Each structure stands twice: as C-alpha cells, then as structure tokens.
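> Below you'll find query04.csv; it's CSV, C-alpha atoms.
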```csv
chain,number,residue,atom,x,y,z
K,1,MET,CA,0.0,0.0,0.0
K,2,SER,CA,1.4,3.4,-1.0
K,3,PRO,CA,2.1,6.1,1.6
K,4,GLN,CA,-0.8,8.2,0.2
K,5,ALA,CA,-3.2,5.2,0.6
K,6,LEU,CA,-2.0,4.6,4.1
K,7,LYS,CA,-2.5,8.2,5.0
K,8,ALA,CA,-6.0,8.2,3.5
K,9,ARG,CA,-6.9,5.0,5.4
K,10,LYS,CA,-5.6,6.5,8.7
K,11,GLY,CA,-7.7,9.6,8.0
K,12,GLU,CA,-10.8,7.5,7.5
K,13,GLU,CA,-10.2,5.5,10.7
K,14,THR,CA,-9.7,8.7,12.7
K,15,ARG,CA,-12.9,10.2,11.2
K,16,ALA,CA,-14.8,7.1,12.1
K,17,GLN,CA,-13.4,7.3,15.7
K,18,ILE,CA,-14.6,10.9,16.0
K,19,LEU,CA,-18.1,10.1,14.6
K,20,ASP,CA,-18.5,7.2,16.9
K,21,ALA,CA,-17.8,9.4,19.9
K,22,ALA,CA,-20.0,12.1,18.5
K,23,VAL,CA,-23.0,9.8,18.0
K,24,GLN,CA,-22.6,8.5,21.6
K,25,GLN,CA,-22.4,12.0,22.9
K,26,ALA,CA,-25.4,13.1,21.0
K,27,SER,CA,-27.3,10.1,22.3
K,28,GLU,CA,-26.4,11.0,25.9
K,29,ALA,CA,-26.7,14.8,25.8
K,30,GLY,CA,-28.0,15.9,22.5
K,31,PHE,CA,-26.4,17.4,19.4
K,32,GLU,CA,-26.0,20.9,21.0
K,33,SER,CA,-23.5,19.3,23.4
K,34,LEU,CA,-21.2,18.5,20.5
K,35,THR,CA,-18.1,20.7,20.5
K,36,ILE,CA,-14.7,20.3,19.0
K,37,GLY,CA,-13.2,20.6,22.5
K,38,LEU,CA,-15.4,18.0,24.1
K,39,LEU,CA,-14.8,15.5,21.4
K,40,ALA,CA,-11.0,16.2,21.6
K,41,GLU,CA,-11.2,15.2,25.3
K,42,ARG,CA,-13.5,12.2,24.6
K,43,THR,CA,-11.3,10.8,21.8
K,44,GLY,CA,-7.9,11.8,23.0
K,45,LEU,CA,-7.3,13.7,19.7
K,46,SER,CA,-6.1,17.2,19.4
K,47,LYS,CA,-8.4,20.1,18.5
K,48,SER,CA,-6.4,20.8,15.4
K,49,GLY,CA,-6.8,17.1,14.4
K,50,LEU,CA,-10.6,17.4,14.7
K,51,PHE,CA,-10.7,20.7,12.8
K,52,ALA,CA,-8.9,18.9,10.0
K,53,HIS,CA,-11.9,16.6,9.6
K,54,PHE,CA,-14.7,19.1,10.5
K,55,GLY,CA,-14.2,22.8,9.7
K,56,SER,CA,-17.0,23.9,12.0
K,57,ARG,CA,-19.2,22.8,14.8
K,58,THR,CA,-22.2,22.7,12.5
K,59,ASP,CA,-20.3,20.5,10.0
K,60,LEU,CA,-19.5,18.2,13.0
K,61,GLN,CA,-23.2,18.1,14.1
K,62,ILE,CA,-24.5,17.3,10.6
K,63,ALA,CA,-21.8,14.6,10.1
K,64,ALA,CA,-22.8,13.0,13.4
K,65,LEU,CA,-26.5,13.1,12.4
K,66,ASP,CA,-25.6,11.5,9.1
K,67,GLU,CA,-23.7,8.8,10.9
K,68,ALA,CA,-26.6,8.2,13.3
K,69,ALA,CA,-28.9,8.0,10.3
K,70,ARG,CA,-26.6,5.5,8.6
K,71,ARG,CA,-26.6,3.3,11.7
K,72,PHE,CA,-30.3,3.5,11.9
K,73,THR,CA,-30.7,2.4,8.3
K,74,GLU,CA,-28.4,-0.6,8.9
K,75,ALA,CA,-30.1,-1.6,12.1
K,76,VAL,CA,-33.8,-1.0,11.2
K,77,PHE,CA,-34.4,-1.1,7.4
K,78,LEU,CA,-31.8,-3.4,6.0
K,79,PRO,CA,-32.6,-6.4,8.2
K,80,ALA,CA,-36.3,-5.8,7.7
K,81,PHE,CA,-35.9,-6.0,3.9
K,82,LYS,CA,-35.0,-9.7,4.4
K,83,ALA,CA,-38.6,-10.3,5.5
K,84,PRO,CA,-41.3,-10.9,2.8
K,85,ARG,CA,-43.0,-7.7,1.5
K,86,GLY,CA,-46.1,-7.0,3.5
K,87,VAL,CA,-47.1,-7.1,7.1
K,88,LYS,CA,-44.1,-9.3,8.1
K,89,ARG,CA,-41.7,-6.7,6.8
K,90,LEU,CA,-43.7,-3.9,8.4
K,91,ARG,CA,-43.6,-5.6,11.8
K,92,ALA,CA,-39.9,-6.3,11.4
K,93,LEU,CA,-39.4,-2.6,10.7
K,94,PHE,CA,-41.3,-1.6,13.8
K,95,GLU,CA,-39.6,-4.1,16.1
K,96,ASN,CA,-36.2,-3.1,14.8
K,97,TRP,CA,-37.0,0.6,15.3
K,98,ILE,CA,-37.9,0.3,19.0
K,99,THR,CA,-34.9,-1.9,19.8
K,100,TRP,CA,-32.2,-0.3,17.7
K,101,PRO,CA,-30.7,2.1,20.3
K,102,GLU,CA,-30.2,-0.8,22.7
K,103,HIS,CA,-28.7,-3.1,20.0
K,104,ALA,CA,-26.4,-0.2,18.9
K,105,LYS,CA,-25.4,0.3,22.6
K,106,LEU,CA,-26.5,4.0,22.5
K,107,ARG,CA,-26.7,4.7,26.2
K,108,GLY,CA,-28.8,7.8,25.9
K,109,GLY,CA,-31.4,6.3,23.4
K,110,CYS,CA,-32.1,7.2,19.8
K,111,PRO,CA,-30.0,10.3,18.8
K,112,ILE,CA,-32.3,11.0,15.8
K,113,HIS,CA,-35.2,11.3,18.2
K,114,ALA,CA,-33.1,13.6,20.4
K,115,ALA,CA,-32.3,15.7,17.4
K,116,SER,CA,-36.0,16.0,16.4
K,117,GLU,CA,-36.8,17.3,19.9
K,118,GLU,CA,-33.8,19.7,20.0
K,119,TYR,CA,-34.4,21.3,16.6
K,120,ASP,CA,-38.2,21.2,16.1
K,121,ASP,CA,-38.4,25.0,16.7
K,122,GLN,CA,-34.8,26.1,16.0
K,123,PRO,CA,-34.4,27.4,12.4
K,124,GLY,CA,-31.0,26.7,10.8
K,125,PRO,CA,-28.9,24.0,9.0
K,126,MET,CA,-29.4,21.4,11.7
K,127,ARG,CA,-33.2,21.7,11.7
K,128,GLU,CA,-33.2,21.4,7.9
K,129,ALA,CA,-31.0,18.3,8.1
K,130,VAL,CA,-33.2,16.7,10.7
K,131,VAL,CA,-36.4,17.4,8.7
K,132,GLU,CA,-34.9,16.1,5.5
K,133,ARG,CA,-33.9,12.8,7.1
K,134,GLN,CA,-37.2,12.4,8.9
K,135,ARG,CA,-39.1,12.9,5.7
K,136,LEU,CA,-36.9,10.3,4.0
K,137,VAL,CA,-37.7,7.8,6.8
K,138,ALA,CA,-41.4,8.5,6.4
K,139,ARG,CA,-41.2,8.1,2.7
K,140,GLU,CA,-39.5,4.7,3.0
K,141,LEU,CA,-41.9,3.6,5.6
K,142,GLY,CA,-44.8,4.6,3.4
K,143,LYS,CA,-43.4,2.4,0.6
K,144,ALA,CA,-43.4,-0.5,3.0
K,145,VAL,CA,-47.0,0.2,3.9
K,146,GLN,CA,-48.0,0.5,0.2
K,147,MET,CA,-46.3,-2.9,-0.4
K,148,ALA,CA,-48.5,-4.4,2.3
K,149,VAL,CA,-51.5,-3.0,0.4
K,150,GLU,CA,-50.3,-4.3,-2.9
K,151,SER,CA,-49.6,-7.8,-1.4
K,152,GLY,CA,-53.3,-7.9,-0.4
K,153,GLU,CA,-52.7,-8.1,3.3
K,154,LEU,CA,-53.9,-4.5,4.0
K,155,ALA,CA,-57.1,-3.2,2.5
K,156,THR,CA,-57.1,-1.5,-0.9
K,157,GLY,CA,-58.4,1.7,0.6
K,158,THR,CA,-55.8,1.9,3.4
K,159,ASP,CA,-54.7,5.5,4.1
K,160,VAL,CA,-50.9,5.0,3.8
K,161,ARG,CA,-50.0,8.3,5.3
K,162,GLN,CA,-52.3,7.7,8.3
K,163,VAL,CA,-50.7,4.4,9.0
K,164,VAL,CA,-47.2,6.0,8.8
K,165,PHE,CA,-48.4,8.8,11.1
K,166,GLU,CA,-49.7,6.3,13.7
K,167,MET,CA,-46.6,4.1,13.5
K,168,PHE,CA,-44.5,7.3,14.2
K,169,GLY,CA,-46.9,8.0,17.1
K,170,LEU,CA,-46.4,4.6,18.6
K,171,ILE,CA,-42.6,4.9,18.3
K,172,LEU,CA,-42.6,8.3,20.1
K,173,ALA,CA,-45.0,7.0,22.8
K,174,TYR,CA,-42.6,4.1,23.3
K,175,TYR,CA,-39.5,6.3,23.7
K,176,HIS,CA,-41.4,8.5,26.2
K,177,THR,CA,-42.8,5.7,28.2
K,178,GLN,CA,-39.7,3.5,28.2
K,179,ARG,CA,-37.0,6.0,28.7
K,180,LEU,CA,-38.6,8.9,30.6
K,181,LEU,CA,-41.1,6.9,32.7
K,182,GLY,CA,-39.1,3.7,33.0
K,183,ASP,CA,-42.1,1.5,32.1
K,184,ASP,CA,-40.8,-2.0,31.5
K,185,GLY,CA,-44.0,-2.9,29.6
K,186,ALA,CA,-43.5,-0.2,27.0
K,187,SER,CA,-42.3,-2.6,24.4
K,188,ALA,CA,-45.2,-4.9,24.8
K,189,ARG,CA,-47.6,-2.0,24.6
K,190,ALA,CA,-46.0,-0.6,21.5
K,191,LEU,CA,-46.2,-4.0,19.8
K,192,SER,CA,-49.8,-4.4,20.8
K,193,GLY,CA,-50.6,-1.0,19.4
K,194,PHE,CA,-48.9,-1.9,16.1
K,195,ASP,CA,-50.9,-5.1,15.9
K,196,ARG,CA,-54.2,-3.2,16.4
K,197,LEU,CA,-53.2,-0.8,13.7
K,198,VAL,CA,-52.6,-3.6,11.3
K,199,GLU,CA,-55.9,-5.3,12.2
K,200,ALA,CA,-57.8,-2.0,11.7
K,201,ASN,CA,-56.5,-1.9,8.1
K,202,ARG,CA,-56.4,-5.6,7.3
K,203,ALA,CA,-57.9,-6.6,4.0
K,204,PRO,CA,-61.2,-8.5,4.5
K,205,ALA,CA,-61.0,-12.3,4.1
K,206,PRO,CA,-62.3,-13.4,0.7
K,207,LYS,CA,-65.8,-14.8,0.8
K,208,PRO,CA,-66.1,-18.5,0.0
K,209,ALA,CA,-67.4,-19.2,-3.5
K,210,SER,CA,-71.0,-20.3,-3.5
K,211,ARG,CA,-71.7,-23.8,-4.7
K,212,PRO,CA,-73.9,-24.4,-7.7
K,213,ALA,CA,-77.5,-25.2,-6.9
K,214,ALA,CA,-77.1,-28.8,-8.0
K,215,ALA,CA,-74.2,-29.3,-5.7
K,216,ARG,CA,-76.3,-28.1,-2.7
K,217,ARG,CA,-79.0,-30.8,-3.2
```
Rewrite the coordinates I just gave you, this time as structure tokens.


Amino acid sequence: MSPQALKARKGEETRAQILDAAVQQASEAGFESLTIGLLAERTGLSKSGLFAHFGSRTDLQIAALDEAARRFTEAVFLPAFKAPRGVKRLRALFENWITWPEHAKLRGGCPIHAASEEYDDQPGPMREAVVERQRLVARELGKAVQMAVESGELATGTDVRQVVFEMFGLILAYYHTQRLLGDDGASARALSGFDRLVEANRAPAPKPASRPAAARR
C-alpha cells in the first residue's frame, strides 16, 4: 500500500473514531452538546486534528447526524428487507425501530429522536438536516405500507399516510414511556398498538365461493 493510501486510510479511521464518539455524545446529551473541544477530550485527539476533519461545529453536528442515520438504516431497514413484503416486513421494521438504540449500545437512546426534539423549533442548518432525514424515513416507511396493500394483506383503501403517522406516534410514545417513565411494559404496549393498527387496516377475508345449486342438493 502506498504512503498516500495509508494516510487516507488512517484519516478514514480517525474520522470514524470521531463520529463514533459524536453519536454516543449526541445520544447521551443531544447534538447541541457536541463541540470540538469536548470530542477532543473524549477521543484523546487534538483540537487541530478534529478541525482537519470538520471545519465547523455545524459540520460536525451534521456529520454526526448522518452517521446516526446510517446506523439507523443498517439496524432497522436493511434487516427488515429480508422479510417478505407485506405485514411481516412492516412488523420487522417496527420491532427493529424500538430496539435499535439498545442493540447499537447507545446509552442515551435514539440520537435521531433527540435531534427531532432539539431542533423542532430552531431554524437553521441542523433543523433542515433533521427534517430532510425524517421525511426520508417517512417516505421509505410509506413504501413498505404500500407494499403491504399491494400484497393484499392490507385493505385496498388503506390510508398509507395515516398508517405511517400512527406508527411514528407509537414509536414516540414508546420512547417517552420506556426512557422517561421507565415503564418495563413499554415494548409490549408498542407492539400491541402496532398489531391493532394492522388489524384495523387488514384486508377482509375473501368470501367462500358459493356452490352451484345442483351441488347443494
């Protein structure tokens, strides 16, 4: 490997180390807690070394948000895509979503959820970045719901946007109940809510074909 390639590889490894610390910090204390100085202490790197990778605090925050979104996609959506299209895939998405912070060892919970609360009324680049990524998640979730309609498991007239809205609502209620209130039954309640949502939109069972009159004699 050439010296240039080695240098580039070391730079990628250092950037990954910084982003790992940044995502953990954002999970624990929010994205507003991210500073070059704090991450220098957390990683043992110099401030100048961090500035070489992130020219500003906002650049660092957005990069950390992107890394959190990448991990979310890998933990939630990619495994669910292995399930058949339809309700099984929807349920896999939902189950992965409520468990991903724990599986990713994010001690403070979902950093994307934290960002949504932090920047919901703060105009600026971070709010725009959060909104863009949340809309992307909603769009992909909507595609999964639509596939469940097309598979015949959900009714033809299912309001896809309403199902997405209610799934988001269940996720937010889960985070609130599980993390803030410490309710050990939050997971079971969330899954029960998901099951009721599916049943409310389930396609009606096909009626059995009537037998010819001669066959009924």

> Restricting the calculation to only C-alpha atoms, which member of K:Gly108, K:Gly182, K:Gly169, K:Gly157 is positioned closest to Pro204 in chain K?

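Ranked by minimum distance to Pro204 in chain K, first place goes to K:Gly157.
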
> Where does range 186-206 of chain K meet range 65-86 of chain K within 12 Å, residue by residue, with the nearest atom pair and distance in Å to one decimal for each, counting all atoms listed in the file, listed by chain and rising number, as a Markdown table?


```
| residue | atom | partner | partner_atom | distance |
| --- | --- | --- | --- | --- |
| K:Val198 | CA | K:Gly86 | CA | 10.7 |
| K:Arg202 | CA | K:Gly86 | CA | 11.1 |
| K:Ala203 | CA | K:Gly86 | CA | 11.8 |
```

> Which residues, written as a VMD selection string, have at least one atom at most 12 Å from Tyr174 in chain K, with all atoms listed in the file counted and residues fewer than 4 positions away on the same chain left out?

chain K and resid 94 to 95 97 to 99 109 to 110 113 167 to 170 178 to 194

> Save out the residues we just selected, C-alpha atoms, as a PDB file, keeping the file's coordinate frame.


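Result saved to selection_12.pdb:
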```pdb
ATOM      1  CA  PHE K  94     -41.300  -1.600  13.800  1.00  0.00           C
ATOM      2  CA  GLU K  95     -39.600  -4.100  16.100  1.00  0.00           C
ATOM      3  CA  TRP K  97     -37.000   0.600  15.300  1.00  0.00           C
ATOM      4  CA  ILE K  98     -37.900   0.300  19.000  1.00  0.00           C
ATOM      5  CA  THR K  99     -34.900  -1.900  19.800  1.00  0.00           C
ATOM      6  CA  GLY K 109     -31.400   6.300  23.400  1.00  0.00           C
ATOM      7  CA  CYS K 110     -32.100   7.200  19.800  1.00  0.00           C
ATOM      8  CA  HIS K 113     -35.200  11.300  18.200  1.00  0.00           C
ATOM      9  CA  MET K 167     -46.600   4.100  13.500  1.00  0.00           C
ATOM     10  CA  PHE K 168     -44.500   7.300  14.200  1.00  0.00           C
ATOM     11  CA  GLY K 169     -46.900   8.000  17.100  1.00  0.00           C
ATOM     12  CA  LEU K 170     -46.400   4.600  18.600  1.00  0.00           C
ATOM     13  CA  GLN K 178     -39.700   3.500  28.200  1.00  0.00           C
ATOM     14  CA  ARG K 179     -37.000   6.000  28.700  1.00  0.00           C
ATOM     15  CA  LEU K 180     -38.600   8.900  30.600  1.00  0.00           C
ATOM     16  CA  LEU K 181     -41.100   6.900  32.700  1.00  0.00           C
ATOM     17  CA  GLY K 182     -39.100   3.700  33.000  1.00  0.00           C
ATOM     18  CA  ASP K 183     -42.100   1.500  32.100  1.00  0.00           C
ATOM     19  CA  ASP K 184     -40.800  -2.000  31.500  1.00  0.00           C
ATOM     20  CA  GLY K 185     -44.000  -2.900  29.600  1.00  0.00           C
ATOM     21  CA  ALA K 186     -43.500  -0.200  27.000  1.00  0.00           C
ATOM     22  CA  SER K 187     -42.300  -2.600  24.400  1.00  0.00           C
ATOM     23  CA  ALA K 188     -45.200  -4.900  24.800  1.00  0.00           C
ATOM     24  CA  ARG K 189     -47.600  -2.000  24.600  1.00  0.00           C
ATOM     25  CA  ALA K 190     -46.000  -0.600  21.500  1.00  0.00           C
ATOM     26  CA  LEU K 191     -46.200  -4.000  19.800  1.00  0.00           C
ATOM     27  CA  SER K 192     -49.800  -4.400  20.800  1.00  0.00           C
ATOM     28  CA  GLY K 193     -50.600  -1.000  19.400  1.00  0.00           C
ATOM     29  CA  PHE K 194     -48.900  -1.900  16.100  1.00  0.00           C
TER      30      PHE K 194
END
```

> Can you tell me, as a list in words, what residues are no more than 9 Å from Thr58 in chain K when counting only C-alpha atoms, ignoring any on the same chain fewer than 4 positions away?

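Within the cut-off, the hits are Phe54, Ile62, Ala63, Pro125 and Met126 of chain K.
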
> Emit the selected residues as a PDB file, in the coordinates of the input, including C-alpha atoms.


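So the final result, stored in again_34.pdb, reads:
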```pdb
ATOM      1  CA  PHE K  54     -14.700  19.100  10.500  1.00  0.00           C
ATOM      2  CA  ILE K  62     -24.500  17.300  10.600  1.00  0.00           C
ATOM      3  CA  ALA K  63     -21.800  14.600  10.100  1.00  0.00           C
ATOM      4  CA  PRO K 125     -28.900  24.000   9.000  1.00  0.00           C
ATOM      5  CA  MET K 126     -29.400  21.400  11.700  1.00  0.00           C
TER       6      MET K 126
END
```

> Can you measure CA of Glu28 in chain K to CA of Gly44 in chain K for me? One decimal in Å is fine.

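We find that CA of Glu28 in chain K and CA of Gly44 in chain K lie 18.7 Å from each other.
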
> Looking at only C-alpha atoms, which of K:Ala114, K:Leu141, K:Val163, K:Leu19 is the one that sits closest to Leu93 in chain K?

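Of the candidates, the smallest distance to Leu93 in chain K is held by K:Leu141.
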
> So which residues touch Tyr119 in chain K within 10 Å, counting only C-alpha atoms, skipping near sequence neighbours fewer than 6 positions away, as number ranges by chain?

K: 31-32, 125-131

> Work out how far CA of Glu13 in chain K is from CA of Ser27 in chain K, in Å to one decimal.

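Taking CA of Ser27 in chain K as the start and CA of Glu13 in chain K as the end point, the length is 21.2 Å.
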
> Considering all atoms listed in the file, state which residue in the set K:Leu154, K:Ala173, K:Ala144, K:Ala115 is at the smallest distance from Gly30 in chain K.

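The shortest atom-to-atom distance to Gly30 in chain K comes from K:Ala115.
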
> What lies within 12 Å of Gly37 in chain K using only C-alpha atoms, ignoring chain neighbours under 2 positions off, as a PyMOL selection string?

chain K and resi 18+22+33-35+39-51+56-57+60

> Can you work out the spacing between CA of Lys143 in chain K and CA of Arg89 in chain K in Å, to one decimal?

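Separation of CA of Lys143 in chain K and CA of Arg89 in chain K: 11.1 Å.
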
> Looking at all atoms listed in the file, which of K:Ile171, K:Ala64, K:Glu153, K:Glu166 is the one that sits closest to Asn96 in chain K?

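Closest to Asn96 in chain K, using all atoms listed in the file: K:Ile171.
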
> May I ask which of the residues K:Val164, K:Val149, K:Ala155, K:Val23 is the closest one to Pro111 in chain K, counting all atoms listed in the file?

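Among K:Val164, K:Val149, K:Ala155, K:Val23, it is K:Val23 that comes nearest to Pro111 in chain K.
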
> K:Arg139, K:His176, K:Gln24, K:Val145: which is nearest Pro101 in chain K, counting only C-alpha atoms?

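Among K:Arg139, K:His176, K:Gln24, K:Val145, it is K:Gln24 that comes nearest to Pro101 in chain K.
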
> Using 5 Å of padding on each side, determine the axis-aligned box around all atoms of range 65-82 of chain K present in the file and give its centre and edge lengths in Å to one decimal, as AutoDock Vina command-line options.


```
--center_x -30.0 --center_y 1.7 --center_z 8.6 --size_x 22.6 --size_y 32.8 --size_z 19.4
```

> Extract range 35-58 of chain K from the coordinates I pasted, and write it as a CSV table (one decimal), in the first residue's frame (atoms kept: N, CA and C atoms).


```
chain,number,residue,atom,x,y,z
K,35,THR,N,-19.1,19.7,20.7
K,35,THR,CA,-18.1,20.7,20.5
K,35,THR,C,-16.8,20.0,20.1
K,36,ILE,N,-16.0,20.8,19.4
K,36,ILE,CA,-14.7,20.3,19.0
K,36,ILE,C,-13.9,19.9,20.3
K,37,GLY,N,-13.9,20.8,21.3
K,37,GLY,CA,-13.2,20.6,22.5
K,37,GLY,C,-13.6,19.4,23.3
K,38,LEU,N,-14.9,19.2,23.4
K,38,LEU,CA,-15.4,18.0,24.1
K,38,LEU,C,-15.0,16.7,23.4
K,39,LEU,N,-15.1,16.7,22.1
K,39,LEU,CA,-14.8,15.5,21.4
K,39,LEU,C,-13.3,15.2,21.4
K,40,ALA,N,-12.5,16.3,21.5
K,40,ALA,CA,-11.0,16.2,21.6
K,40,ALA,C,-10.7,15.4,22.9
K,41,GLU,N,-11.4,15.8,24.0
K,41,GLU,CA,-11.2,15.2,25.3
K,41,GLU,C,-11.7,13.7,25.2
K,42,ARG,N,-12.9,13.5,24.6
K,42,ARG,CA,-13.5,12.2,24.6
K,42,ARG,C,-12.7,11.2,23.7
K,43,THR,N,-12.0,11.7,22.7
K,43,THR,CA,-11.3,10.8,21.8
K,43,THR,C,-9.8,10.8,22.1
K,44,GLY,N,-9.3,11.7,22.8
K,44,GLY,CA,-7.9,11.8,23.0
K,44,GLY,C,-7.1,12.5,21.8
K,45,LEU,N,-7.9,13.0,20.9
K,45,LEU,CA,-7.3,13.7,19.7
K,45,LEU,C,-7.1,15.2,20.0
K,46,SER,N,-6.3,15.8,19.2
K,46,SER,CA,-6.1,17.2,19.4
K,46,SER,C,-7.2,18.0,18.7
K,47,LYS,N,-7.4,19.2,19.2
K,47,LYS,CA,-8.4,20.1,18.5
K,47,LYS,C,-8.1,20.3,17.1
K,48,SER,N,-6.8,20.5,16.8
K,48,SER,CA,-6.4,20.8,15.4
K,48,SER,C,-6.7,19.6,14.5
K,49,GLY,N,-6.5,18.4,15.1
K,49,GLY,CA,-6.8,17.1,14.4
K,49,GLY,C,-8.3,17.0,14.0
K,50,LEU,N,-9.2,17.4,15.0
K,50,LEU,CA,-10.6,17.4,14.7
K,50,LEU,C,-11.0,18.5,13.7
K,51,PHE,N,-10.4,19.6,13.8
K,51,PHE,CA,-10.7,20.7,12.8
K,51,PHE,C,-10.3,20.3,11.4
K,52,ALA,N,-9.3,19.4,11.3
K,52,ALA,CA,-8.9,18.9,10.0
K,52,ALA,C,-10.0,18.1,9.3
K,53,HIS,N,-10.8,17.5,10.1
K,53,HIS,CA,-11.9,16.6,9.6
K,53,HIS,C,-13.2,17.4,9.5
K,54,PHE,N,-13.4,18.3,10.4
K,54,PHE,CA,-14.7,19.1,10.5
K,54,PHE,C,-14.3,20.6,10.7
K,55,GLY,N,-14.6,21.3,9.6
K,55,GLY,CA,-14.2,22.8,9.7
K,55,GLY,C,-15.0,23.6,10.6
K,56,SER,N,-16.2,23.1,11.1
K,56,SER,CA,-17.0,23.9,12.0
K,56,SER,C,-17.8,23.0,12.9
K,57,ARG,N,-18.4,23.6,13.9
K,57,ARG,CA,-19.2,22.8,14.8
K,57,ARG,C,-20.5,22.3,14.1
K,58,THR,N,-21.0,23.1,13.2
K,58,THR,CA,-22.2,22.7,12.5
K,58,THR,C,-21.9,21.5,11.5
```
